[in-house]
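Dumped my_file-v4.csv below, it's CSV, C-alpha atoms:
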```
chain,number,residue,atom,x,y,z
A,1,MET,CA,-11.0,-16.9,-3.6
A,2,VAL,CA,-10.2,-13.4,-4.5
A,3,VAL,CA,-11.3,-12.2,-1.1
A,4,MET,CA,-8.9,-14.6,0.5
A,5,PHE,CA,-6.0,-13.2,-1.5
A,6,LEU,CA,-7.0,-9.7,-0.7
A,7,ILE,CA,-6.9,-10.5,3.0
A,8,ASP,CA,-3.3,-11.8,2.5
A,9,ALA,CA,-2.4,-8.7,0.5
A,10,ASN,CA,-3.8,-6.3,3.1
A,11,LYS,CA,-1.9,-8.1,5.9
A,12,GLN,CA,1.4,-7.4,4.2
A,13,TYR,CA,0.4,-3.9,3.6
A,14,ASN,CA,-0.1,-3.4,7.3
A,15,VAL,CA,3.2,-4.9,8.1
A,16,LEU,CA,5.0,-2.5,5.7
A,17,TRP,CA,2.9,0.3,7.2
A,18,TYR,CA,4.6,-0.3,10.5
A,19,LEU,CA,8.0,-0.8,9.0
A,20,GLY,CA,7.7,2.7,7.4
A,21,SER,CA,6.4,4.0,10.8
A,22,ILE,CA,9.4,2.5,12.6
A,23,ILE,CA,11.9,4.0,10.2
A,24,ALA,CA,10.2,7.4,10.5
A,25,SER,CA,10.2,7.3,14.3
A,26,TRP,CA,13.8,6.5,14.6
A,27,PHE,CA,14.7,9.0,11.9
A,28,THR,CA,12.8,11.9,13.5
A,29,PHE,CA,14.1,10.9,16.9
A,30,GLY,CA,17.6,11.4,15.4
A,31,THR,CA,17.0,14.6,13.6
A,32,SER,CA,15.0,16.1,16.6
A,33,TYR,CA,18.4,16.9,18.2
A,34,LEU,CA,19.0,19.4,15.4
A,35,SER,CA,17.8,22.8,16.4
A,36,SER,CA,17.5,24.3,12.9
A,37,THR,CA,14.6,24.0,10.5
A,38,TRP,CA,16.2,20.9,9.1
A,39,ALA,CA,15.0,19.0,12.2
A,40,TRP,CA,11.7,18.4,10.5
A,41,ARG,CA,12.5,19.1,6.9
A,42,ILE,CA,15.0,16.2,6.5
A,43,PRO,CA,12.5,13.5,7.7
A,44,SER,CA,9.9,15.3,5.6
A,45,TYR,CA,11.9,15.0,2.4
A,46,ALA,CA,12.9,11.4,3.3
A,47,GLN,CA,9.3,10.5,3.1
A,48,ALA,CA,9.6,10.6,-0.7
A,49,ALA,CA,12.2,7.8,-0.7
A,50,PRO,CA,9.9,4.8,-0.9
A,51,SER,CA,7.9,6.6,-3.6
A,52,LEU,CA,11.0,7.4,-5.6
A,53,VAL,CA,12.1,3.7,-5.4
A,54,LEU,CA,8.7,2.6,-6.7
A,55,ILE,CA,8.4,5.2,-9.5
A,56,LEU,CA,11.9,4.2,-10.8
A,57,LEU,CA,11.2,0.5,-10.7
A,58,ILE,CA,7.4,0.3,-11.6
A,59,TRP,CA,8.3,0.5,-15.3
A,60,THR,CA,9.9,-3.0,-15.0
A,61,VAL,CA,6.6,-4.4,-13.7
A,62,PRO,CA,4.0,-5.5,-16.3
A,63,GLU,CA,0.3,-4.5,-16.2
A,64,SER,CA,-2.1,-6.9,-14.6
A,65,PRO,CA,-3.1,-9.7,-17.1
A,66,ARG,CA,-6.6,-9.8,-15.7
A,67,TRP,CA,-7.0,-6.1,-16.5
A,68,LEU,CA,-5.4,-6.5,-20.0
A,69,VAL,CA,-7.9,-9.2,-20.8
A,70,ALA,CA,-10.8,-7.0,-19.6
A,71,GLN,CA,-9.5,-4.2,-21.9
A,72,GLY,CA,-9.5,-6.6,-24.9
A,73,LYS,CA,-5.7,-6.8,-25.0
A,74,ARG,CA,-5.6,-10.6,-25.0
A,75,GLU,CA,-2.3,-10.9,-26.9
A,76,GLU,CA,-0.5,-8.7,-24.4
A,77,ALA,CA,-2.0,-10.6,-21.5
A,78,HIS,CA,-0.9,-13.9,-23.1
A,79,ARG,CA,2.7,-12.7,-23.4
A,80,VAL,CA,2.7,-11.4,-19.7
A,81,LEU,CA,1.3,-14.6,-18.4
A,82,ALA,CA,3.7,-16.7,-20.5
A,83,ARG,CA,6.7,-14.8,-19.3
A,84,TYR,CA,5.8,-14.5,-15.6
A,85,HIS,CA,3.9,-17.8,-15.1
A,86,ALA,CA,5.6,-20.2,-17.5
A,87,ASN,CA,9.1,-19.0,-18.4
A,88,GLY,CA,8.0,-17.7,-21.8
A,89,ASP,CA,6.1,-20.9,-22.9
A,90,MET,CA,3.1,-19.5,-24.9
A,91,ASP,CA,1.5,-23.0,-25.1
A,92,ASP,CA,1.6,-23.7,-21.4
A,93,PRO,CA,-1.7,-25.4,-20.1
A,94,LEU,CA,-1.8,-23.2,-17.0
A,95,VAL,CA,-1.4,-20.0,-19.0
A,96,ALA,CA,-4.3,-21.1,-21.3
A,97,ALA,CA,-6.5,-21.9,-18.3
A,98,GLU,CA,-5.8,-18.5,-16.7
A,99,LEU,CA,-6.6,-16.7,-19.9
A,100,LEU,CA,-9.9,-18.6,-20.2
A,101,GLN,CA,-10.7,-17.7,-16.6
A,102,PHE,CA,-10.0,-14.0,-17.1
A,103,GLU,CA,-12.0,-13.9,-20.3
A,104,HIS,CA,-14.9,-15.6,-18.5
A,105,ASP,CA,-14.7,-13.2,-15.6
A,106,SER,CA,-14.5,-10.1,-17.8
A,107,THR,CA,-17.7,-11.1,-19.7
A,108,SER,CA,-19.7,-12.4,-16.8
A,109,LYS,CA,-22.1,-10.3,-14.8
A,110,GLY,CA,-20.0,-10.0,-11.7
A,111,ALA,CA,-17.4,-7.9,-13.5
A,112,GLN,CA,-19.7,-5.0,-14.0
A,113,CYS,CA,-21.1,-4.7,-10.5
A,114,THR,CA,-22.8,-1.3,-9.9
A,115,TRP,CA,-23.6,0.7,-6.8
A,116,THR,CA,-27.3,0.0,-7.3
A,117,GLU,CA,-26.6,-3.7,-7.2
A,118,LEU,CA,-24.5,-3.3,-4.1
A,119,LEU,CA,-27.1,-1.3,-2.2
A,120,GLY,CA,-30.3,-2.4,-3.8
A,121,GLU,CA,-30.6,-6.0,-2.6
A,122,SER,CA,-31.0,-6.4,1.2
A,123,ARG,CA,-28.9,-9.6,1.4
A,124,ILE,CA,-25.9,-7.8,-0.2
A,125,ARG,CA,-26.7,-4.5,1.6
A,126,SER,CA,-26.3,-6.1,5.0
A,127,ARG,CA,-22.9,-7.4,4.0
A,128,MET,CA,-22.0,-3.9,3.0
A,129,TYR,CA,-23.0,-2.7,6.4
A,130,ILE,CA,-20.6,-5.3,7.9
A,131,VAL,CA,-17.7,-4.0,5.7
A,132,ILE,CA,-18.4,-0.4,6.6
A,133,PHE,CA,-18.8,-1.2,10.3
A,134,ILE,CA,-15.5,-3.1,10.5
A,135,GLY,CA,-13.8,-0.1,8.8
A,136,LEU,CA,-15.3,2.3,11.3
A,137,CYS,CA,-14.4,0.0,14.3
A,138,VAL,CA,-10.8,-0.3,13.2
A,139,ASP,CA,-10.3,3.4,12.7
A,140,TRP,CA,-12.3,4.6,15.7
A,141,CYS,CA,-10.5,2.5,18.3
A,142,GLY,CA,-8.4,5.6,19.2
A,143,GLN,CA,-5.2,4.4,17.7
A,144,ASN,CA,-4.9,7.5,15.4
A,145,ASN,CA,-5.4,9.9,18.3
A,146,ILE,CA,-2.6,8.3,20.2
A,147,THR,CA,-0.1,8.2,17.3
A,148,TYR,CA,-0.9,11.8,16.1
A,149,TYR,CA,-1.1,13.4,19.6
A,150,PHE,CA,1.5,11.2,21.3
A,151,SER,CA,3.7,14.0,22.6
A,152,PRO,CA,0.9,16.3,23.9
A,153,ILE,CA,-0.5,13.3,25.7
A,154,LEU,CA,2.8,12.5,27.3
A,155,ASP,CA,3.2,16.2,28.3
A,156,ASP,CA,-0.2,16.1,29.9
A,157,ILE,CA,0.5,13.0,32.0
A,158,GLY,CA,3.7,14.6,33.2
A,159,VAL,CA,6.4,12.8,31.2
A,160,THR,CA,7.7,16.2,30.2
A,161,ASN,CA,11.4,15.8,31.0
A,162,ALA,CA,11.5,12.4,29.4
A,163,THR,CA,9.7,13.7,26.4
A,164,LYS,CA,12.8,13.7,24.2
A,165,GLN,CA,13.0,9.9,24.6
A,166,TYR,CA,9.4,9.1,24.5
A,167,GLU,CA,7.9,11.5,21.9
A,168,ASN,CA,8.8,9.4,18.9
A,169,SER,CA,8.2,6.1,20.6
A,170,PRO,CA,10.4,4.0,18.3
A,171,GLY,CA,10.1,1.0,20.7
A,172,GLY,CA,6.3,1.1,20.7
A,173,ARG,CA,6.2,0.9,16.9
A,174,ILE,CA,8.4,-2.2,16.9
A,175,VAL,CA,6.0,-3.9,19.2
A,176,SER,CA,3.1,-2.9,16.9
A,177,VAL,CA,4.5,-5.0,14.0
A,178,GLN,CA,3.4,-8.2,15.7
A,179,PRO,CA,-0.3,-7.3,16.1
A,180,ALA,CA,-0.3,-6.1,12.5
A,181,ASP,CA,0.1,-9.6,11.3
B,1,MET,CA,7.5,-29.2,-15.4
B,2,THR,CA,5.2,-29.2,-12.5
B,3,THR,CA,1.5,-29.5,-11.7
B,4,VAL,CA,-0.3,-26.4,-10.5
B,5,SER,CA,-3.7,-26.1,-9.0
B,6,PHE,CA,-5.8,-23.3,-10.4
B,7,ALA,CA,-9.6,-22.7,-10.1
B,8,ASN,CA,-9.9,-26.1,-8.3
B,9,ARG,CA,-8.3,-28.0,-11.2
B,10,SER,CA,-4.8,-29.2,-11.9
B,11,PHE,CA,-2.7,-28.0,-14.9
B,12,GLN,CA,0.8,-28.8,-16.3
B,13,ASN,CA,3.0,-25.8,-16.0
B,14,ASN,CA,6.4,-25.0,-17.3
B,15,THR,CA,8.0,-24.0,-14.0
B,16,ASP,CA,10.6,-25.6,-11.8
B,17,PRO,CA,9.2,-27.6,-8.9
B,18,VAL,CA,11.6,-25.7,-6.6
B,19,TRP,CA,10.3,-22.1,-6.7
B,20,TYR,CA,13.6,-20.3,-6.2
B,21,ARG,CA,15.2,-22.2,-9.1
B,22,ASP,CA,12.5,-20.9,-11.4
B,23,LYS,CA,13.2,-17.7,-13.3
B,24,SER,CA,9.5,-16.6,-13.9
B,25,ILE,CA,8.6,-17.1,-10.2
B,26,ARG,CA,11.6,-15.1,-9.1
B,27,GLN,CA,10.5,-12.4,-11.6
B,28,CYS,CA,7.0,-12.4,-10.0
B,29,ILE,CA,8.4,-12.0,-6.5
B,30,ARG,CA,10.5,-9.0,-7.7
B,31,CYS,CA,7.4,-7.3,-9.2
B,32,CYS,CA,5.3,-7.9,-6.1
B,33,LEU,CA,8.0,-6.5,-3.8
B,34,ILE,CA,8.2,-3.3,-5.9
B,35,CYS,CA,4.4,-2.9,-5.6
B,36,PHE,CA,4.6,-3.2,-1.8
B,37,VAL,CA,7.1,-0.4,-1.2
B,38,ALA,CA,4.3,2.2,-1.5
B,39,GLN,CA,2.7,1.3,1.7
B,40,MET,CA,5.7,2.4,3.7
B,41,THR,CA,4.9,6.0,2.9
B,42,ALA,CA,1.6,5.8,4.8
B,43,GLY,CA,3.2,4.5,8.0
B,44,TYR,CA,6.1,6.9,7.7
B,45,ASP,CA,3.7,9.8,7.3
B,46,GLU,CA,1.7,9.2,10.4
B,47,ALA,CA,4.8,8.8,12.6
B,48,THR,CA,6.5,12.0,11.3
B,49,ALA,CA,3.3,14.1,11.6
B,50,GLY,CA,3.0,13.1,15.3
B,51,SER,CA,6.6,13.8,16.1
B,52,PHE,CA,6.7,17.3,14.4
B,53,GLN,CA,4.3,18.7,17.0
B,54,SER,CA,7.0,18.5,19.6
B,55,MET,CA,9.7,20.2,17.6
B,56,ALA,CA,10.3,23.8,18.4
B,57,SER,CA,11.6,24.6,14.9
B,58,TRP,CA,8.5,23.1,13.2
B,59,LYS,CA,6.2,25.3,15.3
B,60,ALA,CA,8.3,28.4,14.6
B,61,ASP,CA,8.6,27.7,10.9
B,62,LEU,CA,4.8,27.3,10.5
B,63,GLY,CA,4.0,30.3,12.6
B,64,HIS,CA,3.0,28.4,15.8
B,65,PRO,CA,-0.2,26.6,14.5
B,66,ASP,CA,-3.1,26.6,17.0
B,67,SER,CA,-4.9,23.4,18.0
B,68,ALA,CA,-7.5,23.8,15.2
B,69,GLN,CA,-4.8,24.1,12.6
B,70,VAL,CA,-3.0,21.0,14.1
B,71,GLY,CA,-6.3,19.2,13.8
B,72,LEU,CA,-6.6,20.2,10.2
B,73,ILE,CA,-3.0,19.0,9.5
B,74,THR,CA,-3.9,15.6,11.0
B,75,SER,CA,-7.2,15.2,9.3
B,76,MET,CA,-6.2,16.6,5.8
B,77,LEU,CA,-4.5,13.3,5.1
B,78,TYR,CA,-7.8,11.5,5.4
B,79,ALA,CA,-9.7,14.2,3.5
B,80,GLY,CA,-7.2,13.7,0.6
B,81,GLY,CA,-7.7,10.0,1.1
B,82,ILE,CA,-11.5,10.1,0.6
B,83,VAL,CA,-11.0,12.0,-2.8
B,84,GLY,CA,-8.3,9.5,-3.7
B,85,SER,CA,-10.5,6.5,-3.0
B,86,ILE,CA,-13.3,7.9,-5.2
B,87,VAL,CA,-10.9,8.6,-8.1
B,88,GLY,CA,-8.7,5.5,-7.7
B,89,GLY,CA,-11.3,2.9,-8.5
B,90,PRO,CA,-12.3,4.2,-12.0
B,91,VAL,CA,-8.7,5.0,-12.8
B,92,ALA,CA,-7.7,1.4,-12.0
B,93,ASP,CA,-10.5,0.1,-14.3
B,94,LEU,CA,-9.9,2.6,-17.2
B,95,TRP,CA,-6.1,3.0,-17.3
B,96,GLY,CA,-5.0,0.0,-15.3
B,97,ARG,CA,-3.6,-1.1,-11.9
B,98,ARG,CA,-0.1,0.2,-12.8
B,99,ALA,CA,-1.5,3.6,-13.8
B,100,VAL,CA,-3.2,4.1,-10.5
B,101,LEU,CA,-0.1,3.0,-8.6
B,102,ILE,CA,2.0,5.5,-10.7
B,103,LEU,CA,-0.6,8.3,-10.1
B,104,GLY,CA,-0.5,7.7,-6.4
B,105,THR,CA,3.3,7.6,-6.2
B,106,ALA,CA,3.6,10.8,-8.2
B,107,MET,CA,1.1,12.5,-5.9
B,108,CYS,CA,3.0,11.3,-2.9
B,109,ILE,CA,6.3,12.8,-4.3
B,110,ILE,CA,4.6,16.2,-5.1
B,111,GLY,CA,2.9,16.3,-1.7
B,112,THR,CA,6.1,15.4,0.1
B,113,VAL,CA,8.1,18.2,-1.6
B,114,LEU,CA,5.3,20.7,-0.9
B,115,GLN,CA,5.2,19.6,2.8
B,116,ALA,CA,8.9,19.5,3.3
B,117,SER,CA,9.5,23.0,1.8
B,118,ALA,CA,6.4,24.5,3.5
B,119,VAL,CA,6.8,28.1,4.7
B,120,ASN,CA,3.4,28.4,6.2
B,121,VAL,CA,0.6,26.1,7.5
B,122,GLY,CA,-1.4,26.3,4.3
B,123,MET,CA,1.4,24.8,2.3
B,124,PHE,CA,2.0,22.1,4.8
B,125,ILE,CA,-1.7,21.2,4.8
B,126,ALA,CA,-1.9,21.2,1.0
B,127,GLY,CA,1.1,18.8,0.9
B,128,ARG,CA,-0.6,16.4,3.3
B,129,ALA,CA,-3.8,16.4,1.3
B,130,LEU,CA,-1.8,15.4,-1.8
B,131,ILE,CA,0.0,12.7,0.2
B,132,GLY,CA,-3.4,11.4,1.5
B,133,PHE,CA,-4.7,11.3,-2.1
B,134,GLY,CA,-1.5,9.5,-3.3
B,135,VAL,CA,-1.4,6.9,-0.5
B,136,THR,CA,-5.0,5.8,-1.1
B,137,ASN,CA,-4.3,5.4,-4.8
B,138,SER,CA,-1.2,3.3,-4.1
B,139,LEU,CA,-3.4,1.2,-1.8
B,140,ILE,CA,-5.9,0.6,-4.6
B,141,GLY,CA,-3.3,-0.2,-7.3
B,142,GLY,CA,-0.7,-2.1,-5.2
B,143,PRO,CA,-2.7,-5.0,-3.8
B,144,SER,CA,-4.7,-5.5,-7.0
B,145,LEU,CA,-1.6,-5.7,-9.2
B,146,VAL,CA,0.1,-8.1,-6.8
B,147,THR,CA,-3.0,-10.3,-6.6
B,148,GLU,CA,-3.5,-10.4,-10.3
B,149,LEU,CA,0.1,-10.8,-11.4
B,150,ALA,CA,1.5,-13.3,-8.9
B,151,HIS,CA,1.9,-16.9,-10.1
B,152,PRO,CA,-1.0,-19.2,-8.7
B,153,ARG,CA,1.7,-21.3,-7.1
B,154,ILE,CA,3.0,-18.5,-4.9
B,155,ARG,CA,0.0,-16.2,-4.9
B,156,SER,CA,-0.8,-16.5,-1.2
B,157,THR,CA,2.6,-17.6,-0.1
B,158,ILE,CA,4.5,-14.6,-1.5
B,159,LEU,CA,2.2,-12.3,0.4
B,160,SER,CA,2.8,-14.2,3.6
B,161,PHE,CA,6.5,-14.5,2.7
B,162,VAL,CA,7.0,-10.7,3.0
B,163,SER,CA,5.4,-10.8,6.4
B,164,ILE,CA,7.8,-13.5,7.7
B,165,VAL,CA,10.8,-11.6,6.5
B,166,THR,CA,9.6,-8.4,8.1
B,167,ASN,CA,8.8,-10.0,11.4
B,168,THR,CA,11.8,-12.3,11.8
B,169,PRO,CA,14.4,-9.7,13.0
```

As structure tokens, please, write out the structure in this file.
Amino acid sequence: MVVMFLIDANKQYNVLWYLGSIIASWFTFGTSYLSSTWAWRIPSYAQAAPSLVLILLIWTVPESPRWLVAQGKREEAHRVLARYHANGDMDDPLVAAELLQFEHDSTSKGAQCTWTELLGESRIRSRMYIVIFIGLCVDWCGQNNITYYFSPILDDIGVTNATKQYENSPGGRIVSVQPAD
Amino acid sequence: MTTVSFANRSFQNNTDPVWYRDKSIRQCIRCCLICFVAQMTAGYDEATAGSFQSMASWKADLGHPDSAQVGLITSMLYAGGIVGSIVGGPVADLWGRRAVLILGTAMCIIGTVLQASAVNVGMFIAGRALIGFGVTNSLIGGPSLVTELAHPRIRSTILSFVSIVTNTP
């Protein structure tokens, strides 16, 4: 179940990845017309914008109830669950079930999985290989080379005079959002 | 009152059957959206780093980095990321999902300032290492906090919901 949710979560992370990428592309495309040092310093500073938004608003987000239970802070977890899952009802049946589940998970063996357990048993080890292999395949497909060295590549294939338009490739990034999902 | 399925069983739950009329579910969505913001930094970073190489002022300010230095600028993000992924897991377990998210975001801000005010290649590379460290920590904290905080009713939907909104335009 948890794995399923993680897949969903990662999917959204990828989509927002491309959204950030699109914003950056258009932004640098705009500032690249400046001839001063601010051509690259403005988009560089702007990179802090999402981080600033997050660090200002994160204080309004509660800690994970699952982690709170694992830390022995059951009362606090109960309050968070009641407020965010049952409109403040401390006696809600769903909240009680979730608390029980978290308590069970934090005491069961699976919660304290070590590296020796991950790599020791051959059945689990072969699954680890799959995880590592997928990671390698995704990152070694050459996509990073293209994004990082896009303008030298275009220069080499002779798109030099259109470089201004192509170097930041804002159009290409918009197309990439769809495969990300 | 509505019935919610959790861990293959059904439970009574004090939420409105229509999700957007319910205050606690709206609060959950707000929290999840805040956690998602961090990921934009990673995508933003890769796009800017690629574009800078074609800017004459960037080359001049950093003393015309050679191809080895450009390679280091690119890969330093991932070197910082490796350190971040080793540190992030234990931090998330010891001090919490929120702590690792705050740590990552703070590192991103420090790294960004270092990178943006760089006067030589070394400063630029150091900034990118910190950004790499920060982004990886945000990636560890963000999804786990969203997954563990979201209401079971909307847990998978809210995550897909963001995707639909992003893709619609």

Q | Residue with smallest distance to chain A - pool B:Ile109, B:Ile73, B:Leu103, B:Val83, counting only C-alpha atoms | A | B:Ile109

Q: For chain A, work out the contacting residues on chain B at 7 Å, counting all atoms listed in the file, and write them as a VMD selection string.
A: chain B and resid 11 to 15 23 to 25 27 to 28 31 34 36 to 44 46 to 52 54 to 55 57 to 58 96 to 98 102 105 108 to 109 112 to 113 115 to 116 143 145 147 to 149 151 156 159 to 160 162 to 163

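Rounded to one decimal, atom CA of Glu76 of chain A and atom CA of Gly142 of chain B lie 20.3 Å from each other.
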
Q. Atom CA of Val100 of chain B and atom CA of Gly141 of chain B are how many Å apart?
A. 5.4 Å

Q: For atom CA of Ala99 of chain B and atom CA of Ile154 of chain B, determine how far apart the two atoms are, in Å to one decimal place.
A: 24.2 Å

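Using all atoms listed in the file, the shortest contact distance between Asn137 of chain B and any of B:Leu114, B:Gly84, B:Pro90, B:Pro152 is found at B:Gly84.
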
Report as AutoDock Vina command-line options the centre and the edge lengths, in Å to one decimal, of the axis-aligned box holding every listed atom of segment 15-29 of chain B, padded by 5 Å on each side.
```
--center_x 11.1 --center_y -19.8 --center_z -10.1 --size_x 18.2 --size_y 25.6 --size_z 17.8
```
